[in-house]
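Containing TSV, C-alpha atoms (C1' of nucleotides): run02.tsv.
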```tsv
chain	number	residue	atom	x	y	z
X	1	MET	CA	142.94	-113.84	-75.04
X	2	ALA	CA	142.24	-115.83	-78.13
X	3	ALA	CA	141.91	-113.40	-81.02
X	4	ASN	CA	138.46	-113.04	-82.49
X	5	SER	CA	138.14	-115.00	-85.70
X	6	GLN	CA	134.41	-114.71	-86.18
X	7	PHE	CA	134.60	-112.49	-89.23
X	8	ALA	CA	137.00	-114.86	-90.94
X	9	ILE	CA	134.82	-117.84	-90.18
X	10	ALA	CA	131.73	-115.96	-91.30
X	11	ILE	CA	133.20	-115.32	-94.74
X	12	HIS	CA	134.08	-118.96	-95.00
X	13	VAL	CA	130.61	-120.06	-93.94
X	14	LEU	CA	128.84	-117.69	-96.30
X	15	THR	CA	130.94	-118.91	-99.18
X	16	ILE	CA	129.86	-122.45	-98.44
X	17	LEU	CA	126.21	-121.39	-98.26
X	18	ALA	CA	126.53	-119.57	-101.57
X	19	LYS	CA	127.88	-122.71	-103.19
X	20	GLY	CA	124.93	-124.59	-101.76
X	21	GLY	CA	122.47	-122.35	-103.56
X	22	ASP	CA	118.94	-122.72	-102.28
X	23	GLU	CA	119.67	-125.93	-100.43
X	24	ARG	CA	119.69	-125.87	-96.66
X	25	VAL	CA	123.14	-126.65	-95.42
X	26	LYS	CA	123.57	-128.28	-92.02
X	27	SER	CA	125.80	-126.88	-89.31
X	28	ASP	CA	127.52	-130.24	-89.08
X	29	TYR	CA	128.62	-130.05	-92.68
X	30	ILE	CA	129.87	-126.48	-92.38
X	31	ALA	CA	131.78	-127.34	-89.21
X	32	GLY	CA	133.51	-130.06	-91.19
X	33	SER	CA	134.88	-127.63	-93.72
X	34	VAL	CA	135.80	-124.94	-91.24
X	35	ASN	CA	137.22	-127.59	-88.93
X	36	THR	CA	135.44	-126.63	-85.76
X	37	ASN	CA	132.49	-127.60	-83.62
X	38	PRO	CA	128.92	-127.36	-85.01
X	39	VAL	CA	127.87	-125.24	-82.05
X	40	VAL	CA	130.44	-122.61	-82.94
X	41	ILE	CA	128.89	-122.46	-86.38
X	42	ARG	CA	125.35	-122.27	-85.09
X	43	ARG	CA	126.28	-119.45	-82.76
X	44	LEU	CA	127.71	-117.53	-85.67
X	45	LEU	CA	124.75	-118.27	-87.92
X	46	SER	CA	122.50	-116.99	-85.21
X	47	ASN	CA	124.15	-113.58	-85.49
X	48	LEU	CA	124.00	-113.63	-89.26
X	49	GLN	CA	120.34	-114.50	-89.14
X	50	GLU	CA	119.56	-111.55	-86.92
X	51	ALA	CA	121.17	-109.36	-89.53
X	52	ASN	CA	119.05	-110.92	-92.27
X	53	ILE	CA	122.02	-112.35	-94.08
X	54	VAL	CA	121.01	-115.99	-93.74
X	55	VAL	CA	117.85	-117.92	-92.95
X	56	SER	CA	117.82	-121.01	-90.79
X	57	GLN	CA	115.17	-123.65	-90.53
X	58	VAL	CA	114.84	-125.88	-87.50
X	59	GLY	CA	113.69	-129.48	-87.47
X	60	ALA	CA	114.52	-132.50	-89.57
X	61	THR	CA	115.59	-131.38	-93.09
X	62	GLY	CA	116.53	-128.12	-91.39
X	63	GLY	CA	119.64	-126.10	-92.12
X	64	THR	CA	120.71	-122.70	-93.32
X	65	SER	CA	120.77	-120.86	-96.63
X	66	LEU	CA	121.51	-117.31	-97.75
X	67	ALA	CA	118.74	-114.79	-97.23
X	68	LYS	CA	119.66	-113.00	-100.44
X	69	GLN	CA	121.90	-113.13	-103.48
X	70	PRO	CA	125.67	-113.13	-102.98
X	71	LYS	CA	125.88	-109.92	-105.00
X	72	ASP	CA	123.67	-108.23	-102.41
X	73	ILE	CA	125.65	-109.29	-99.36
X	74	TYR	CA	128.25	-106.67	-98.53
X	75	LEU	CA	131.15	-107.63	-96.33
X	76	SER	CA	130.42	-104.52	-94.32
X	77	GLU	CA	127.08	-106.01	-93.32
X	78	VAL	CA	128.80	-109.15	-92.19
X	79	TYR	CA	131.29	-107.15	-90.17
X	80	LYS	CA	128.57	-105.17	-88.48
X	81	ALA	CA	126.52	-108.28	-87.76
X	82	LEU	CA	129.24	-109.76	-85.61
X	83	PRO	CA	130.41	-108.80	-82.15
X	84	CYS	CA	133.96	-108.17	-83.36
X	85	GLY	CA	135.86	-105.85	-81.10
X	86	GLU	CA	137.40	-102.54	-82.03
X	87	VAL	CA	140.79	-102.15	-83.64
X	88	PHE	CA	142.30	-100.94	-80.42
X	89	ALA	CA	140.84	-100.98	-76.95
X	90	LEU	CA	140.69	-98.11	-74.56
X	91	HIS	CA	142.60	-98.63	-71.37
X	92	SER	CA	140.61	-100.71	-68.92
X	93	LYS	CA	141.47	-98.49	-66.01
X	94	GLU	CA	140.39	-94.93	-66.35
X	95	ALA	CA	143.24	-92.46	-66.71
X	96	ASN	CA	144.14	-90.28	-63.77
X	97	GLN	CA	141.54	-87.54	-63.73
X	98	ASP	CA	143.84	-85.21	-61.83
X	99	CYS	CA	146.12	-85.10	-64.83
X	100	PRO	CA	144.85	-82.53	-67.35
X	101	ILE	CA	145.80	-84.76	-70.24
X	102	GLY	CA	144.40	-87.95	-68.79
X	103	LYS	CA	141.13	-86.22	-68.24
X	104	LYS	CA	140.51	-85.51	-71.92
X	105	MET	CA	142.16	-88.55	-73.39
X	106	ALA	CA	139.30	-91.04	-73.26
X	107	ALA	CA	136.92	-88.84	-75.21
X	108	PHE	CA	139.46	-88.21	-77.90
X	109	LEU	CA	140.42	-91.86	-78.27
X	110	CYS	CA	136.82	-92.90	-78.44
X	111	GLY	CA	136.26	-90.53	-81.34
X	112	LEU	CA	139.31	-91.80	-83.16
X	113	GLN	CA	138.13	-95.35	-82.66
X	114	LYS	CA	134.83	-94.55	-84.29
X	115	GLU	CA	136.56	-92.93	-87.23
X	116	ILE	CA	138.71	-95.96	-87.80
X	117	ASP	CA	135.79	-98.28	-87.53
X	118	LYS	CA	134.02	-96.24	-90.14
X	119	SER	CA	136.91	-96.51	-92.54
X	120	ILE	CA	137.03	-100.27	-92.07
X	121	GLU	CA	133.36	-100.47	-92.87
X	122	GLU	CA	133.83	-98.34	-95.93
X	123	LYS	CA	136.58	-100.61	-97.11
X	124	LEU	CA	134.47	-103.70	-96.56
X	125	HIS	CA	131.57	-102.09	-98.32
X	126	GLN	CA	133.61	-102.29	-101.49
X	127	TYR	CA	133.18	-106.05	-101.57
X	128	THR	CA	130.22	-108.36	-101.79
X	129	LEU	CA	130.08	-112.08	-101.24
X	130	ARG	CA	130.04	-112.49	-105.00
X	131	ASP	CA	133.42	-110.81	-105.23
X	132	VAL	CA	134.75	-113.21	-102.63
X	133	ILE	CA	133.50	-116.20	-104.55
X	134	GLU	CA	135.01	-114.94	-107.76
X	135	LYS	CA	138.38	-114.50	-106.11
X	136	ILE	CA	138.22	-117.92	-104.53
X	137	ASP	CA	137.29	-119.51	-107.83
X	138	ALA	CA	140.05	-117.70	-109.66
X	139	ALA	CA	142.68	-118.89	-107.18
U	1	MET	CA	141.64	-107.00	-69.91
U	2	ALA	CA	140.04	-107.10	-73.24
U	3	ALA	CA	141.64	-106.30	-76.53
U	4	ASN	CA	144.93	-104.61	-77.00
U	5	SER	CA	145.03	-101.10	-75.60
U	6	GLN	CA	148.62	-100.33	-76.47
U	7	PHE	CA	147.78	-97.91	-79.22
U	8	ALA	CA	145.48	-95.95	-76.94
U	9	ILE	CA	148.10	-95.82	-74.22
U	10	ALA	CA	150.77	-94.84	-76.74
U	11	ILE	CA	148.81	-91.79	-77.85
U	12	HIS	CA	148.36	-90.80	-74.26
U	13	VAL	CA	152.04	-91.25	-73.49
U	14	LEU	CA	153.19	-89.32	-76.53
U	15	THR	CA	150.91	-86.45	-75.63
U	16	ILE	CA	152.50	-86.28	-72.22
U	17	LEU	CA	155.97	-86.33	-73.74
U	18	ALA	CA	155.03	-83.56	-76.13
U	19	LYS	CA	153.88	-81.42	-73.24
U	20	GLY	CA	157.19	-82.13	-71.56
U	21	GLY	CA	159.13	-80.61	-74.44
U	22	ASP	CA	162.82	-81.45	-74.36
U	23	GLU	CA	162.70	-82.62	-70.77
U	24	ARG	CA	163.17	-86.28	-70.05
U	25	VAL	CA	160.02	-87.66	-68.54
U	26	LYS	CA	160.25	-90.64	-66.21
U	27	SER	CA	158.20	-93.81	-66.67
U	28	ASP	CA	156.98	-93.46	-63.11
U	29	TYR	CA	155.42	-90.10	-63.85
U	30	ILE	CA	153.78	-91.30	-67.05
U	31	ALA	CA	152.42	-94.36	-65.30
U	32	GLY	CA	150.79	-92.03	-62.81
U	33	SER	CA	148.83	-90.21	-65.47
U	34	VAL	CA	147.90	-93.30	-67.43
U	35	ASN	CA	147.11	-95.09	-64.19
U	36	THR	CA	149.12	-98.20	-64.74
U	37	ASN	CA	152.42	-99.79	-63.80
U	38	PRO	CA	155.73	-98.17	-64.86
U	39	VAL	CA	156.87	-101.41	-66.44
U	40	VAL	CA	153.90	-101.39	-68.76
U	41	ILE	CA	154.96	-97.92	-69.86
U	42	ARG	CA	158.59	-98.88	-70.32
U	43	ARG	CA	157.61	-101.87	-72.41
U	44	LEU	CA	155.61	-99.58	-74.65
U	45	LEU	CA	158.33	-96.94	-74.85
U	46	SER	CA	160.74	-99.64	-75.86
U	47	ASN	CA	158.65	-100.28	-78.97
U	48	LEU	CA	158.33	-96.59	-79.72
U	49	GLN	CA	162.06	-96.17	-79.40
U	50	GLU	CA	162.75	-98.91	-81.91
U	51	ALA	CA	160.55	-97.01	-84.33
U	52	ASN	CA	162.49	-93.79	-83.69
U	53	ILE	CA	159.52	-92.01	-82.26
U	54	VAL	CA	161.00	-91.43	-78.82
U	55	VAL	CA	164.46	-91.46	-77.27
U	56	SER	CA	165.13	-92.88	-73.83
U	57	GLN	CA	168.09	-92.34	-71.62
U	58	VAL	CA	169.06	-94.77	-68.90
U	59	GLY	CA	170.63	-93.91	-65.58
U	60	ALA	CA	169.95	-91.28	-62.97
U	61	THR	CA	168.41	-88.19	-64.65
U	62	GLY	CA	167.24	-90.63	-67.29
U	63	GLY	CA	163.82	-90.63	-68.92
U	64	THR	CA	162.18	-90.33	-72.30
U	65	SER	CA	161.50	-87.51	-74.74
U	66	LEU	CA	160.17	-87.30	-78.28
U	67	ALA	CA	162.64	-88.08	-81.03
U	68	LYS	CA	161.08	-85.45	-83.29
U	69	GLN	CA	158.53	-82.69	-83.46
U	70	PRO	CA	154.87	-83.55	-82.80
U	71	LYS	CA	154.02	-82.34	-86.29
U	72	ASP	CA	156.31	-85.01	-87.72
U	73	ILE	CA	154.90	-87.92	-85.77
U	74	TYR	CA	152.12	-89.57	-87.73
U	75	LEU	CA	149.67	-91.77	-85.91
U	76	SER	CA	150.26	-94.34	-88.61
U	77	GLU	CA	153.86	-94.65	-87.44
U	78	VAL	CA	152.70	-95.22	-83.93
U	79	TYR	CA	150.27	-97.87	-85.06
U	80	LYS	CA	152.92	-99.68	-87.03
U	81	ALA	CA	155.41	-99.49	-84.19
U	82	LEU	CA	153.19	-101.52	-81.90
U	83	PRO	CA	152.39	-105.20	-81.90
U	84	CYS	CA	148.67	-104.54	-82.22
U	85	GLY	CA	146.81	-107.47	-83.61
U	86	GLU	CA	144.86	-107.50	-86.81
U	87	VAL	CA	141.27	-106.42	-87.09
U	88	PHE	CA	140.10	-109.99	-87.31
U	89	ALA	CA	142.04	-113.15	-86.68
U	90	LEU	CA	142.28	-116.11	-88.99
U	91	HIS	CA	140.92	-119.32	-87.57
U	92	SER	CA	143.44	-120.98	-85.29
U	93	LYS	CA	142.81	-124.40	-86.72
U	94	GLU	CA	143.48	-124.79	-90.39
U	95	ALA	CA	140.39	-125.32	-92.51
U	96	ASN	CA	139.70	-128.77	-93.90
U	97	GLN	CA	142.01	-129.06	-96.88
U	98	ASP	CA	139.84	-131.71	-98.48
U	99	CYS	CA	137.14	-129.10	-98.90
U	100	PRO	CA	137.73	-127.07	-102.07
U	101	ILE	CA	136.60	-123.89	-100.36
U	102	GLY	CA	138.49	-124.41	-97.14
U	103	LYS	CA	141.61	-124.98	-99.13
U	104	LYS	CA	141.60	-121.51	-100.65
U	105	MET	CA	140.08	-119.59	-97.78
U	106	ALA	CA	143.16	-118.80	-95.73
U	107	ALA	CA	145.00	-117.15	-98.59
U	108	PHE	CA	142.03	-115.01	-99.44
U	109	LEU	CA	141.39	-113.91	-95.87
U	110	CYS	CA	145.01	-113.09	-95.37
U	111	GLY	CA	144.89	-110.77	-98.36
U	112	LEU	CA	141.74	-109.10	-97.13
U	113	GLN	CA	143.33	-108.61	-93.74
U	114	LYS	CA	146.26	-106.80	-95.33
U	115	GLU	CA	143.94	-104.57	-97.29
U	116	ILE	CA	142.04	-103.55	-94.21
U	117	ASP	CA	145.21	-102.93	-92.33
U	118	LYS	CA	146.34	-100.67	-95.13
U	119	SER	CA	143.19	-98.62	-94.97
U	120	ILE	CA	143.58	-98.21	-91.23
U	121	GLU	CA	147.09	-96.97	-91.75
U	122	GLU	CA	145.94	-94.55	-94.40
U	123	LYS	CA	143.35	-93.18	-92.04
U	124	LEU	CA	145.88	-92.79	-89.26
U	125	HIS	CA	148.31	-91.13	-91.61
U	126	GLN	CA	145.90	-88.22	-91.78
U	127	TYR	CA	146.78	-87.25	-88.23
U	128	THR	CA	149.96	-86.23	-86.49
U	129	LEU	CA	150.63	-85.91	-82.80
U	130	ARG	CA	150.24	-82.16	-83.18
U	131	ASP	CA	146.67	-82.65	-84.37
U	132	VAL	CA	145.99	-84.76	-81.31
U	133	ILE	CA	147.35	-82.10	-78.99
U	134	GLU	CA	145.29	-79.43	-80.66
U	135	LYS	CA	142.14	-81.48	-80.26
U	136	ILE	CA	142.89	-82.22	-76.65
U	137	ASP	CA	143.59	-78.58	-75.94
U	138	ALA	CA	140.42	-77.49	-77.66
U	139	ALA	CA	138.29	-79.88	-75.65
K	1	DT	C1'	102.03	-140.77	-82.58
K	2	DT	C1'	106.59	-141.95	-82.41
K	3	DA	C1'	111.23	-141.78	-83.95
K	4	DA	C1'	114.80	-139.29	-86.13
K	5	DA	C1'	117.27	-135.22	-87.46
K	6	DC	C1'	118.00	-130.63	-86.88
K	7	DT	C1'	118.54	-125.84	-84.74
K	8	DG	C1'	118.99	-122.82	-80.67
K	9	DT	C1'	121.06	-122.11	-76.27
K	10	DA	C1'	122.83	-122.71	-71.73
K	11	DT	C1'	126.70	-124.05	-69.30
K	12	DC	C1'	131.26	-125.47	-68.47
K	13	DA	C1'	136.12	-126.45	-69.45
K	14	DA	C1'	140.29	-125.23	-71.92
K	15	DA	C1'	143.46	-122.17	-74.25
K	16	DA	C1'	145.59	-117.94	-75.18
K	17	DG	C1'	146.51	-113.04	-74.80
K	18	DA	C1'	147.13	-108.75	-72.21
K	19	DG	C1'	148.20	-106.27	-68.35
K	20	DG	C1'	150.12	-105.98	-63.75
K	21	DT	C1'	153.98	-107.08	-60.44
K	22	DT	C1'	158.29	-108.15	-58.67
K	23	DA	C1'	163.00	-108.55	-59.26
K	24	DC	C1'	167.28	-107.45	-60.87
K	25	DA	C1'	171.12	-106.24	-64.22
K	26	DA	C1'	173.14	-102.29	-66.52
K	27	DA	C1'	173.98	-97.50	-67.05
K	28	DA	C1'	174.64	-92.74	-65.83
K	29	DA	C1'	175.43	-88.94	-62.53
K	30	DG	C1'	177.23	-87.03	-58.54
E	1	DC	C1'	180.29	-96.16	-54.06
E	2	DT	C1'	175.44	-94.79	-53.93
E	3	DT	C1'	171.42	-93.36	-56.00
E	4	DT	C1'	168.25	-93.17	-59.71
E	5	DT	C1'	166.28	-94.82	-63.63
E	6	DT	C1'	165.75	-97.71	-67.89
E	7	DG	C1'	165.42	-102.45	-69.97
E	8	DT	C1'	163.81	-107.04	-69.46
E	9	DA	C1'	162.75	-111.47	-67.78
E	10	DA	C1'	159.62	-114.23	-65.22
E	11	DC	C1'	155.40	-115.09	-63.27
E	12	DC	C1'	150.52	-114.43	-61.92
E	13	DT	C1'	145.90	-113.20	-62.82
E	14	DC	C1'	142.03	-111.71	-65.34
E	15	DT	C1'	139.35	-111.80	-69.42
E	16	DT	C1'	137.84	-113.39	-73.74
E	17	DT	C1'	137.27	-116.79	-77.20
E	18	DT	C1'	136.76	-121.27	-78.64
E	19	DG	C1'	135.49	-125.99	-78.02
E	20	DA	C1'	132.43	-129.47	-75.99
E	21	DT	C1'	128.39	-131.53	-73.83
E	22	DA	C1'	123.73	-131.53	-72.97
E	23	DC	C1'	119.16	-130.86	-73.81
E	24	DA	C1'	114.71	-128.45	-75.08
E	25	DG	C1'	111.93	-127.35	-79.04
E	26	DT	C1'	110.65	-128.02	-83.96
E	27	DT	C1'	109.81	-130.37	-88.15
E	28	DT	C1'	109.46	-134.40	-91.20
E	29	DA	C1'	108.11	-138.79	-92.21
E	30	DA	C1'	107.14	-143.57	-91.37
```
Could you rewrite the structure in this file as structure tokens?
Amino acid sequence: MAANSQFAIAIHVLTILAKGGDERVKSDYIAGSVNTNPVVIRRLLSNLQEANIVVSQVGATGGTSLAKQPKDIYLSEVYKALPCGEVFALHSKEANQDCPIGKKMAAFLCGLQKEIDKSIEEKLHQYTLRDVIEKIDAA
Amino acid sequence: MAANSQFAIAIHVLTILAKGGDERVKSDYIAGSVNTNPVVIRRLLSNLQEANIVVSQVGATGGTSLAKQPKDIYLSEVYKALPCGEVFALHSKEANQDCPIGKKMAAFLCGLQKEIDKSIEEKLHQYTLRDVIEKIDAA
DNA sequence: TTAAACTGTATCAAAAGAGGTTACAAAAAG
DNA sequence: CTTTTTGTAACCTCTTTTGATACAGTTTAA
């Protein structure tokens, strides 16, 4: 599998949009900075738009801009907006149900997975896009 | 096969070993409960052995048992012992270095990745294998 | 009203990772 | 020696992600 880099790209994209202010930035331009195909960017922006993080405009002079201030965009929102997988996957094949341990394992692991996901979200909730920009600028 | 399920399988395997007490459990038996191939299990056990979580013995009458008490095996150790990927991947292609944002993005994302990983480890450090067994038994 | 410039998607090809299998060397026990 | 089992290497396949092409629909402006 190719590892999922959507979150990383999203942060990059949002930083570019923040720098653009109210201007509508084109997917072509963003793709240039991220070094990928415009369609990849538009697919991502589509997810971010559903989550009300960005607003896109079709047509000539179209493009995308932030739906709100950088200080109001939490990285946790971005994380949740994307179809990123879980930290660890459950086993694709179901465990042997004749084994007393196997039988109860899936439920337990699923609960642990949710707990971890929650702690990732809590961590990401500590940062907003503004914090990201400040760190980038300071570097 | 989706994302990496090694952590999930590891928890399952360790639970089986704990139930086995001091007895050496064979990879064939474990594979039966997890419902996978013995080689997959041996590969995993090899990682856990390097981290001093289990001890394997080759030869006839060989097998694997825990290297220490369930109460002394933290899930964080297990997580660190395995080559699980990061929560999100960096972009495979390097960002455009002519773009002032792209230039600084990788370093920032890498730092964020480490922070998240740390908070996952902290979360997992709250549980030991004994806790897992108790939850499984209670279910 | 036509042309140009975009976004939004569908679809397909390519790349990479994970798990499953087979095969076999090395080790221990009897 | 023979049997049993771990440790690995090598290879195949399946799945997911990314990249690429194509095109319909929308908006602006000449």
Do me a favour and pick out the residues of chain X within 8 Å of chain U, using all atoms listed in the file, as a PyMOL selection string.
chain X and resi 1+3-9+12+15-16+32-36+84-99+101-102+104-105+108-109+116+119-120+123-124+135-136+139
May I ask for the distance between C1' of DG20 in chain K and C1' of DT4 in chain E, given in Å to one decimal place?
22.6 Å
Using only C-alpha atoms (C1' of nucleotides), find the residues of chain X whose closest atom to chain K is at most 8 Å away, then write them as a list in words.
Met1, Ala2, Ala3, Lys26, Arg42, Ser56, Gln57, Val58, Gly59, Ala60, Thr61, Gly62 and Gly63 of chain X
Listing only residues of chain E within 10 Å of chain X, what is the closest atom pair and its distance in Å (to one decimal) for each, using only C-alpha atoms (C1' of nucleotides), sorted by chain and residue number ascending, as CSV?
```
residue,atom,partner,partner_atom,distance
E:DC14,C1',X:Met1,CA,10.0
E:DT15,C1',X:Met1,CA,7.0
E:DT16,C1',X:Met1,CA,5.3
E:DT17,C1',X:Ala2,CA,5.1
E:DT18,C1',X:Ala2,CA,7.7
E:DG19,C1',X:Asn37,CA,6.6
E:DA20,C1',X:Asn37,CA,7.9
E:DG25,C1',X:Gly59,CA,8.9
E:DT26,C1',X:Gly59,CA,4.9
E:DT27,C1',X:Gly59,CA,4.0
E:DT28,C1',X:Ala60,CA,5.6
E:DA29,C1',X:Ala60,CA,9.4
```
Kindly export the residues of the current selection with C-alpha atoms (C1' of nucleotides), as a compact mmCIF listing (two decimals), in the frame of the given file.
```txt
# COMPACT_ATOMS: atom_id res chain seq x y z
C1' DC E 14 142.03 -111.71 -65.34
C1' DT E 15 139.35 -111.80 -69.42
C1' DT E 16 137.84 -113.39 -73.74
C1' DT E 17 137.27 -116.79 -77.20
C1' DT E 18 136.76 -121.27 -78.64
C1' DG E 19 135.49 -125.99 -78.02
C1' DA E 20 132.43 -129.47 -75.99
C1' DG E 25 111.93 -127.35 -79.04
C1' DT E 26 110.65 -128.02 -83.96
C1' DT E 27 109.81 -130.37 -88.15
C1' DT E 28 109.46 -134.40 -91.20
C1' DA E 29 108.11 -138.79 -92.21
```
Using Å and a single decimal, report how far CA of Ala51 in chain U sits from CA of Lys114 in chain X.
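These atoms are spaced 25.8 Å apart.
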One number please: CA of Leu17 in chain U to C1' of DA10 in chain E, in Å, one decimal.
29.4 Å
Dump of range 60-76 of chain U from preceding block, C-alpha atoms, as a PDB file, in the first residue's frame:
```
ATOM      1  CA  ALA U  60      11.585 -29.861  18.933  1.00  0.00           C
ATOM      2  CA  THR U  61       9.613 -28.890  22.076  1.00  0.00           C
ATOM      3  CA  GLY U  62      10.306 -25.334  21.005  1.00  0.00           C
ATOM      4  CA  GLY U  63       7.812 -22.481  21.108  1.00  0.00           C
ATOM      5  CA  THR U  64       7.315 -19.079  22.646  1.00  0.00           C
ATOM      6  CA  SER U  65       6.429 -17.768  26.087  1.00  0.00           C
ATOM      7  CA  LEU U  66       6.282 -14.334  27.684  1.00  0.00           C
ATOM      8  CA  ALA U  67       9.589 -12.879  28.803  1.00  0.00           C
ATOM      9  CA  LYS U  68       7.947 -11.261  31.820  1.00  0.00           C
ATOM     10  CA  GLN U  69       4.750 -10.971  33.775  1.00  0.00           C
ATOM     11  CA  PRO U  70       1.656  -9.601  32.013  1.00  0.00           C
ATOM     12  CA  LYS U  71       1.548  -6.769  34.540  1.00  0.00           C
ATOM     13  CA  ASP U  72       4.980  -5.656  33.371  1.00  0.00           C
ATOM     14  CA  ILE U  73       4.219  -5.619  29.671  1.00  0.00           C
ATOM     15  CA  TYR U  74       2.998  -2.186  28.646  1.00  0.00           C
ATOM     16  CA  LEU U  75       1.101  -1.828  25.414  1.00  0.00           C
ATOM     17  CA  SER U  76       3.403   1.047  24.598  1.00  0.00           C
TER      18      SER U  76
END
```
